[in-house]
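Please read the structure below before turning to the comments.
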Amino acid sequence: MNVLQVSAEIFPLLKTGGLADIAGALPAALQTVGCQVRVVLPGFPAILDDLGDSWVMAELTAPWGERLQLRQGRLRTLALDAYVIDLPHLYARPGSPYEDAWRQPYADNHRRFALLSWVAAQLAHGLDTHWQPQVVHSHDWHAGLTSAYMAFMSHSSLRVATVFTIHNLAYQGVFSPACFYELGLPHEAFGVNGVEFYGQLSFMKAGLYYSDYITTVSPTYAREIQTPQQGCGFDGLLRTRSGSLSGILNAVDDAVWNPAIDHHLSNRYNVSDMIGKSNCKAALQEELGLTIQADAPLFGVVSRLTDQKGLHLVMGAIDAILSRGGQLVVLGTGDAYLESLFKARAAQHPQTVSVRIGYDEAYAHRIFSATDVTLVPSQFEPCGLTQMYGLKYGSLPLVHSVGGLADTVVDCSLENMAEGRANGFVFDDFNQQALERAVARAFALYARKPEWKRVRACGMRQDLGWQSAARQYAALYRHLCA
Ligand code: ADP
Ligand code: GLC
């Protein structure tokens, strides 16, 4: 089964969030279940630089008349065959792939990402005479137009199935209707039965409307997005598509996130030898100028600083954490108001609160290894990866009961503990009090060392690997191609 994956990001070459982690891990996972995977990517500098022995496999003209080269080669870091759009005018820009230095979306984003989908559709339509995909699997709004382009191409005898994965419905790829006419889609695509969304053009809507099948990244989020509360305006459409929509829970790449082999850590450890974790904690406390105290529960946040992540609740809970003798370490970047609020709290409590604004992959690994609790109080969370990284690194996740957080974390209630299922702390109501009660439960469990260790070991042993997800995707592809 030949599968073409379409995404804007791919770890470790280009990452702004969890999408990259998944796009980077899925191809190898699919290969273990008999799929041959190739990827198509925009030619951001880091991606082109990694493309070894590449050649120009096609010269094409974009729908708005611009000439481009499509390069083919192998991504060295990922050992993965790739098609990369070489058009520096669109992609050779420093920093974020989506925004300029003032954090404004680029004015030509509709072209930059429509082109990704348009090229994917050409590949689906036989552009590479040596390799024909049977399934085109695109991810998030950046790749949402793929199925729309494919739906309007003249039909050959070959049928290529389309799968669209929603990683976050809140980012909808919305552009002014004027942009539509540059993109080469037929007039009739701009309607309620098409890419139109409240008078605007939405790339996300294109993915939802035109794809043969829609997946999202957890079973709970698949249900949530069919409700008006969490459907971001798409719940009606998603309900009409409920027969072709399901959740496949994300997984963790064990080659990247594994404390037993993680080269970012000062000390490595595993579930039956946890001394290394205590050393990681002491090392981080020392590095950050926090009080070096083994028995001070250390809470961690590694997150985009946006409203989605519910971090104003953490801000409000800092006093509750500190008054009980805890410490807090935060790594994040995002909304300016959250950045400055967190920085101000760190300045007030230099020995117990450390905040680093920025993006730092290696430091993120060290935080999971050093902390006792990973805080993920998101208002909504399609899947969430950091709670799973916390589980693997023995940092008990404390989460709001939504989306993939609800599917991966089991609260330390007495009955869950008795059944040996508890692996963290879960709160239901999205408010300060509920979060603080969960924080209080974390302190209570921390005071009972044998029970804490049992729960931690349960989390560390949890199977978070790719096998199950890869099998589900492969079964879906086979079903669609049958
Ligand atoms: P989302 O994709 O919504 O941001 P996820 O939990 O799915 O949330 O994935 C976030 C990913 O980004 C994880 O790999 C996490 O470790 C990483 N991450 C988030 N913020 C930072 C940061 N400031 N520095 C390093 N890694 C970060
Ligand atoms: C999105 C979601 C996050 C998910 C990630 C990977 O960024 O916000 O919940 O884990 O995609 O699927």
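We name chains A, B, ... following the order of the structure tokens; residues begin at 1 in each chain, and ligands are numbered from 1 as shown.
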So which residues of region 285-465 of chain A fall under strand (DSSP E) by DSSP, listed as a PyMOL selection string?
-> chain A and resi 298-305+327-334+353-357+373-376+396-400+425-427
Give the residue list for ligand 1 at 7 Å, counting only C-alpha atoms and all ligand atoms, as a list in words, sorted by chain and then by residue number.
->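 Sorted by chain and then by number, the residues are Thr16, Gly17, Gly18, Leu19, Asp21, Val302, Ser303, Arg304, Leu331, Gly332, Thr333, Ile357, Gly358, Tyr359, Asp360, Glu361, Tyr363, Ala364, Glu381, Cys383, Gly384, Leu385 and Thr386 of chain A.
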Throw together the list of residues within 10 Å of ligand 2, counting only C-alpha atoms and all ligand atoms, and drop it here as a VMD selection string.
-> chain A and resid 16 to 23 139 to 140 165 to 171 216 to 218 221 248 to 251 304 308 to 309 378 380 to 388 403 to 405
Pick out the closest residue to Gln327 (chain A) from this set: A:Ala422, A:Val409, A:Phe443, A:Gly394. Count only C-alpha atoms.
->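 Answer, going by the shortest atom-to-atom distance: A:Phe443.
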Excluding region 183-192 of chain A and residues on its chain fewer than 6 positions from it, collect all residues at most 12 Å away from it, counting only C-alpha atoms, and give them as a ChimeraX atom specification.
-> /A:61-66,108-118,145-153,175-177,198-203,205-206,209-210,234,236-237
Quick one: write out the picked residues with N, CA and C atoms as a short mmCIF file (atom, residue, chain, number, x, y, z; two decimals), in the first residue's frame?
```cif
data_model
loop_
_atom_site.label_atom_id
_atom_site.label_comp_id
_atom_site.auth_asym_id
_atom_site.auth_seq_id
_atom_site.Cartn_x
_atom_site.Cartn_y
_atom_site.Cartn_z
N THR A 61 3.61 24.81 -12.99
CA THR A 61 3.10 26.18 -12.88
C THR A 61 1.94 26.18 -11.89
N ALA A 62 2.08 26.94 -10.82
CA ALA A 62 1.02 27.02 -9.80
C ALA A 62 -0.23 27.63 -10.43
N PRO A 63 -1.39 27.39 -9.82
CA PRO A 63 -2.64 27.90 -10.39
C PRO A 63 -2.62 29.41 -10.64
N TRP A 64 -1.83 30.17 -9.87
CA TRP A 64 -1.77 31.62 -10.09
C TRP A 64 -0.61 32.03 -10.99
N GLY A 65 0.00 31.06 -11.64
CA GLY A 65 0.96 31.37 -12.70
C GLY A 65 2.43 31.32 -12.33
N GLU A 66 2.72 31.09 -11.05
CA GLU A 66 4.12 31.09 -10.62
C GLU A 66 4.77 29.75 -10.96
N ASP A 108 0.42 35.95 2.19
CA ASP A 108 0.25 34.99 1.09
C ASP A 108 0.13 33.54 1.59
N ASN A 109 -0.29 33.37 2.83
CA ASN A 109 -0.41 32.00 3.36
C ASN A 109 -1.38 31.15 2.54
N HIS A 110 -2.38 31.77 1.96
CA HIS A 110 -3.32 30.96 1.15
C HIS A 110 -2.58 30.31 -0.01
N ARG A 111 -1.64 31.06 -0.62
CA ARG A 111 -0.87 30.47 -1.72
C ARG A 111 0.14 29.45 -1.20
N ARG A 112 0.81 29.81 -0.10
CA ARG A 112 1.89 28.96 0.41
C ARG A 112 1.37 27.56 0.75
N PHE A 113 0.16 27.51 1.30
CA PHE A 113 -0.33 26.19 1.71
C PHE A 113 -1.27 25.56 0.67
N ALA A 114 -1.94 26.38 -0.13
CA ALA A 114 -2.70 25.79 -1.24
C ALA A 114 -1.74 25.03 -2.15
N LEU A 115 -0.56 25.58 -2.33
CA LEU A 115 0.40 24.95 -3.24
C LEU A 115 0.80 23.55 -2.75
N LEU A 116 0.93 23.42 -1.43
CA LEU A 116 1.25 22.11 -0.87
C LEU A 116 0.17 21.10 -1.29
N SER A 117 -1.07 21.48 -1.14
CA SER A 117 -2.19 20.59 -1.49
C SER A 117 -2.26 20.36 -2.99
N TRP A 118 -2.03 21.40 -3.74
CA TRP A 118 -2.12 21.29 -5.20
C TRP A 118 -1.07 20.31 -5.72
N LEU A 145 -6.76 21.56 1.48
CA LEU A 145 -7.29 21.65 0.11
C LEU A 145 -6.96 20.42 -0.74
N THR A 146 -6.11 19.53 -0.24
CA THR A 146 -5.69 18.39 -1.05
C THR A 146 -6.88 17.63 -1.62
N SER A 147 -7.81 17.26 -0.74
CA SER A 147 -8.95 16.46 -1.19
C SER A 147 -9.85 17.27 -2.13
N ALA A 148 -9.90 18.59 -1.93
CA ALA A 148 -10.72 19.42 -2.82
C ALA A 148 -10.11 19.41 -4.23
N TYR A 149 -8.80 19.64 -4.34
CA TYR A 149 -8.18 19.59 -5.67
C TYR A 149 -8.40 18.22 -6.31
N MET A 150 -8.23 17.17 -5.49
CA MET A 150 -8.37 15.83 -6.05
C MET A 150 -9.81 15.57 -6.52
N ALA A 151 -10.77 16.12 -5.79
CA ALA A 151 -12.18 15.88 -6.16
C ALA A 151 -12.51 16.47 -7.53
N PHE A 152 -11.80 17.52 -7.93
CA PHE A 152 -12.14 18.19 -9.19
C PHE A 152 -11.20 17.84 -10.33
N MET A 153 -10.29 16.88 -10.12
CA MET A 153 -9.41 16.51 -11.23
C MET A 153 -10.15 15.51 -12.11
N PHE A 175 -9.53 32.44 5.01
CA PHE A 175 -9.02 33.53 4.17
C PHE A 175 -10.20 34.25 3.52
N SER A 176 -9.91 35.44 3.01
CA SER A 176 -10.98 36.22 2.38
C SER A 176 -11.42 35.51 1.10
N PRO A 177 -12.68 35.68 0.72
CA PRO A 177 -13.18 34.99 -0.47
C PRO A 177 -12.38 35.36 -1.72
N TYR A 198 -19.04 30.51 6.38
CA TYR A 198 -19.57 31.81 6.79
C TYR A 198 -19.06 32.93 5.88
N GLY A 199 -19.14 32.71 4.60
CA GLY A 199 -18.76 33.75 3.64
C GLY A 199 -17.27 33.81 3.35
N GLN A 200 -16.47 33.10 4.12
CA GLN A 200 -15.02 33.10 3.91
C GLN A 200 -14.60 31.78 3.25
N LEU A 201 -13.32 31.70 2.93
CA LEU A 201 -12.73 30.47 2.43
C LEU A 201 -12.05 29.78 3.61
N SER A 202 -12.32 28.49 3.80
CA SER A 202 -11.65 27.77 4.89
C SER A 202 -10.99 26.50 4.35
N PHE A 203 -9.68 26.41 4.54
CA PHE A 203 -8.96 25.21 4.12
C PHE A 203 -9.37 24.00 4.98
N LYS A 205 -12.30 23.47 6.21
CA LYS A 205 -13.59 23.00 5.71
C LYS A 205 -13.40 22.13 4.48
N ALA A 206 -12.45 22.51 3.63
CA ALA A 206 -12.18 21.71 2.43
C ALA A 206 -11.81 20.28 2.82
N TYR A 209 -14.93 18.52 4.16
CA TYR A 209 -16.01 18.28 3.20
C TYR A 209 -15.62 17.26 2.13
N TYR A 210 -14.40 17.39 1.59
CA TYR A 210 -14.06 16.61 0.39
C TYR A 210 -13.34 15.29 0.66
N PHE A 234 -18.05 23.86 12.94
CA PHE A 234 -18.09 22.75 11.98
C PHE A 234 -18.92 21.57 12.49
N GLY A 236 -22.04 20.88 12.74
CA GLY A 236 -23.12 20.41 11.87
C GLY A 236 -22.57 19.55 10.74
N LEU A 237 -21.57 20.06 10.05
CA LEU A 237 -20.93 19.30 8.97
C LEU A 237 -20.36 17.98 9.49
#
```
Which is closest to Ala347 (chain A) among A:Gln226, A:Gly289, A:Gln104, A:Gln5, if we use only C-alpha atoms?
->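 The closest residue to Ala347 (chain A) is A:Gly289.
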Tell me, as JSON, numbers by chain, which residues lie within 9 Å of Cys458 (chain A), counting only C-alpha atoms; anything in the same chain fewer than 3 positions away does not count.
-> {"A": [391, 420, 421, 422, 423, 453, 454, 455, 461, 462]}
May I have the residues within 7 Å of region 352-356 of chain A as a PDB file with N, CA, C and O atoms, in the first residue's frame, using only C-alpha atoms and disregarding those fewer than 6 positions away in the same chain?
```pdb
ATOM      1  N   LEU A 288      18.705  26.015  37.606  1.00  0.00           N
ATOM      2  CA  LEU A 288      17.756  27.126  37.550  1.00  0.00           C
ATOM      3  C   LEU A 288      17.821  28.023  38.782  1.00  0.00           C
ATOM      4  O   LEU A 288      17.082  28.995  38.880  1.00  0.00           O
ATOM      5  N   LEU A 290      16.883  27.149  41.718  1.00  0.00           N
ATOM      6  CA  LEU A 290      15.803  26.805  42.654  1.00  0.00           C
ATOM      7  C   LEU A 290      16.442  26.156  43.885  1.00  0.00           C
ATOM      8  O   LEU A 290      17.567  25.642  43.804  1.00  0.00           O
ATOM      9  N   THR A 291      15.714  26.164  44.994  1.00  0.00           N
ATOM     10  CA  THR A 291      16.217  25.462  46.176  1.00  0.00           C
ATOM     11  C   THR A 291      16.385  23.989  45.828  1.00  0.00           C
ATOM     12  O   THR A 291      15.462  23.373  45.284  1.00  0.00           O
ATOM     13  N   GLN A 327       7.402  23.456  43.879  1.00  0.00           N
ATOM     14  CA  GLN A 327       8.139  24.342  42.969  1.00  0.00           C
ATOM     15  C   GLN A 327       7.535  24.205  41.574  1.00  0.00           C
ATOM     16  O   GLN A 327       6.872  23.214  41.272  1.00  0.00           O
ATOM     17  N   LEU A 328       7.806  25.221  40.743  1.00  0.00           N
ATOM     18  CA  LEU A 328       7.217  25.217  39.392  1.00  0.00           C
ATOM     19  C   LEU A 328       8.258  25.608  38.360  1.00  0.00           C
ATOM     20  O   LEU A 328       8.986  26.587  38.550  1.00  0.00           O
ATOM     21  N   VAL A 329       8.318  24.860  37.255  1.00  0.00           N
ATOM     22  CA  VAL A 329       9.184  25.239  36.143  1.00  0.00           C
ATOM     23  C   VAL A 329       8.351  25.277  34.864  1.00  0.00           C
ATOM     24  O   VAL A 329       7.570  24.365  34.588  1.00  0.00           O
ATOM     25  N   VAL A 330       8.490  26.375  34.124  1.00  0.00           N
ATOM     26  CA  VAL A 330       7.678  26.602  32.925  1.00  0.00           C
ATOM     27  C   VAL A 330       8.588  26.845  31.733  1.00  0.00           C
ATOM     28  O   VAL A 330       9.543  27.625  31.818  1.00  0.00           O
ATOM     29  N   LEU A 331       8.282  26.180  30.625  1.00  0.00           N
ATOM     30  CA  LEU A 331       8.928  26.475  29.339  1.00  0.00           C
ATOM     31  C   LEU A 331       7.822  26.706  28.328  1.00  0.00           C
ATOM     32  O   LEU A 331       6.969  25.842  28.121  1.00  0.00           O
ATOM     33  N   GLY A 332       7.815  27.867  27.706  1.00  0.00           N
ATOM     34  CA  GLY A 332       6.755  28.100  26.739  1.00  0.00           C
ATOM     35  C   GLY A 332       6.964  29.379  25.970  1.00  0.00           C
ATOM     36  O   GLY A 332       7.765  30.231  26.335  1.00  0.00           O
ATOM     37  N   PHE A 342       3.748  35.141  33.515  1.00  0.00           N
ATOM     38  CA  PHE A 342       4.591  34.070  34.070  1.00  0.00           C
ATOM     39  C   PHE A 342       5.959  34.618  34.493  1.00  0.00           C
ATOM     40  O   PHE A 342       6.486  34.268  35.545  1.00  0.00           O
ATOM     41  N   LYS A 343       6.520  35.481  33.660  1.00  0.00           N
ATOM     42  CA  LYS A 343       7.847  36.021  33.995  1.00  0.00           C
ATOM     43  C   LYS A 343       7.789  36.818  35.304  1.00  0.00           C
ATOM     44  O   LYS A 343       8.695  36.731  36.135  1.00  0.00           O
ATOM     45  N   ALA A 346       7.830  34.489  38.248  1.00  0.00           N
ATOM     46  CA  ALA A 346       9.163  33.912  38.481  1.00  0.00           C
ATOM     47  C   ALA A 346      10.056  34.932  39.183  1.00  0.00           C
ATOM     48  O   ALA A 346      10.831  34.582  40.076  1.00  0.00           O
TER      49      ALA A 346
END
```
Please tabulate, as CSV, the residues of region 127-240 of chain A that come within 9 Å of region 468-478 of chain A, each with its closest pair of atoms and the distance in Å to one decimal, counting only C-alpha atoms and ordering rows by chain, then residue number upward.
```
residue,atom,partner,partner_atom,distance
A:Gln134,CA,A:Tyr477,CA,8.6
A:Val135,CA,A:Tyr477,CA,6.7
A:Ala161,CA,A:Tyr477,CA,7.7
A:Thr162,CA,A:Tyr477,CA,8.8
A:Val163,CA,A:Tyr477,CA,8.2
A:Tyr213,CA,A:Leu476,CA,8.7
```
Produce a file of the selected residues containing N, CA and C atoms, as a PDB file, in the first residue's frame.
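The resulting file, result35.pdb, is shown below:
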```pdb
ATOM      1  N   GLN A 134      -1.781   5.147  -3.339  1.00  0.00           N
ATOM      2  CA  GLN A 134      -3.168   4.657  -3.328  1.00  0.00           C
ATOM      3  C   GLN A 134      -4.003   5.431  -2.317  1.00  0.00           C
ATOM      4  N   VAL A 135      -3.298   5.995  -1.337  1.00  0.00           N
ATOM      5  CA  VAL A 135      -3.971   6.808  -0.318  1.00  0.00           C
ATOM      6  C   VAL A 135      -3.194   8.111  -0.165  1.00  0.00           C
ATOM      7  N   ALA A 161      -7.655   7.096  -2.558  1.00  0.00           N
ATOM      8  CA  ALA A 161      -8.451   7.433  -1.374  1.00  0.00           C
ATOM      9  C   ALA A 161      -7.844   8.620  -0.636  1.00  0.00           C
ATOM     10  N   THR A 162      -8.708   9.393   0.014  1.00  0.00           N
ATOM     11  CA  THR A 162      -8.222  10.561   0.768  1.00  0.00           C
ATOM     12  C   THR A 162      -8.616  10.455   2.241  1.00  0.00           C
ATOM     13  N   VAL A 163      -7.631  10.672   3.087  1.00  0.00           N
ATOM     14  CA  VAL A 163      -7.859  10.713   4.534  1.00  0.00           C
ATOM     15  C   VAL A 163      -7.369  12.073   5.015  1.00  0.00           C
ATOM     16  N   TYR A 213     -12.471  10.197   4.182  1.00  0.00           N
ATOM     17  CA  TYR A 213     -12.574   9.835   5.597  1.00  0.00           C
ATOM     18  C   TYR A 213     -11.833  10.880   6.421  1.00  0.00           C
TER      19      TYR A 213
END
```
Can you list, as a list of chain:residue names, every protein, DNA or RNA residue that comes within 10 Å of Ser96 (chain A) when you count only C-alpha atoms, leaving out same-chain residues fewer than 5 positions away?
->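 My reading of the contact set: A:Leu14, A:Lys15, A:Thr16, A:Ala101, A:Arg103, A:Pro105.
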Run DSSP on the backbone and give me the residues of region 92-127 of chain A it puts in helix (DSSP H, G or I), as a PyMOL selection string.
-> chain A and resi 109-124
Write a file of the selected residues as a JSON list (two decimals), in the first residue's frame, keeping C-alpha atoms.
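File written: again_3.json
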```json
[["chain", "number", "residue", "atom", "x", "y", "z"],
["A", 109, "ASN", "CA", -0.41, 32.00, 3.36],
["A", 110, "HIS", "CA", -3.32, 30.96, 1.15],
["A", 111, "ARG", "CA", -0.87, 30.47, -1.72],
["A", 112, "ARG", "CA", 1.89, 28.96, 0.41],
["A", 113, "PHE", "CA", -0.33, 26.19, 1.71],
["A", 114, "ALA", "CA", -2.70, 25.79, -1.24],
["A", 115, "LEU", "CA", 0.40, 24.95, -3.24],
["A", 116, "LEU", "CA", 1.25, 22.11, -0.87],
["A", 117, "SER", "CA", -2.19, 20.59, -1.49],
["A", 118, "TRP", "CA", -2.12, 21.29, -5.20],
["A", 119, "VAL", "CA", 1.21, 19.49, -5.59],
["A", 120, "ALA", "CA", -0.07, 16.57, -3.50],
["A", 121, "ALA", "CA", -3.05, 16.33, -5.84],
["A", 122, "GLN", "CA", -0.73, 16.26, -8.88],
["A", 123, "LEU", "CA", 1.16, 13.38, -7.27],
["A", 124, "ALA", "CA", -2.11, 11.58, -6.61]]
```
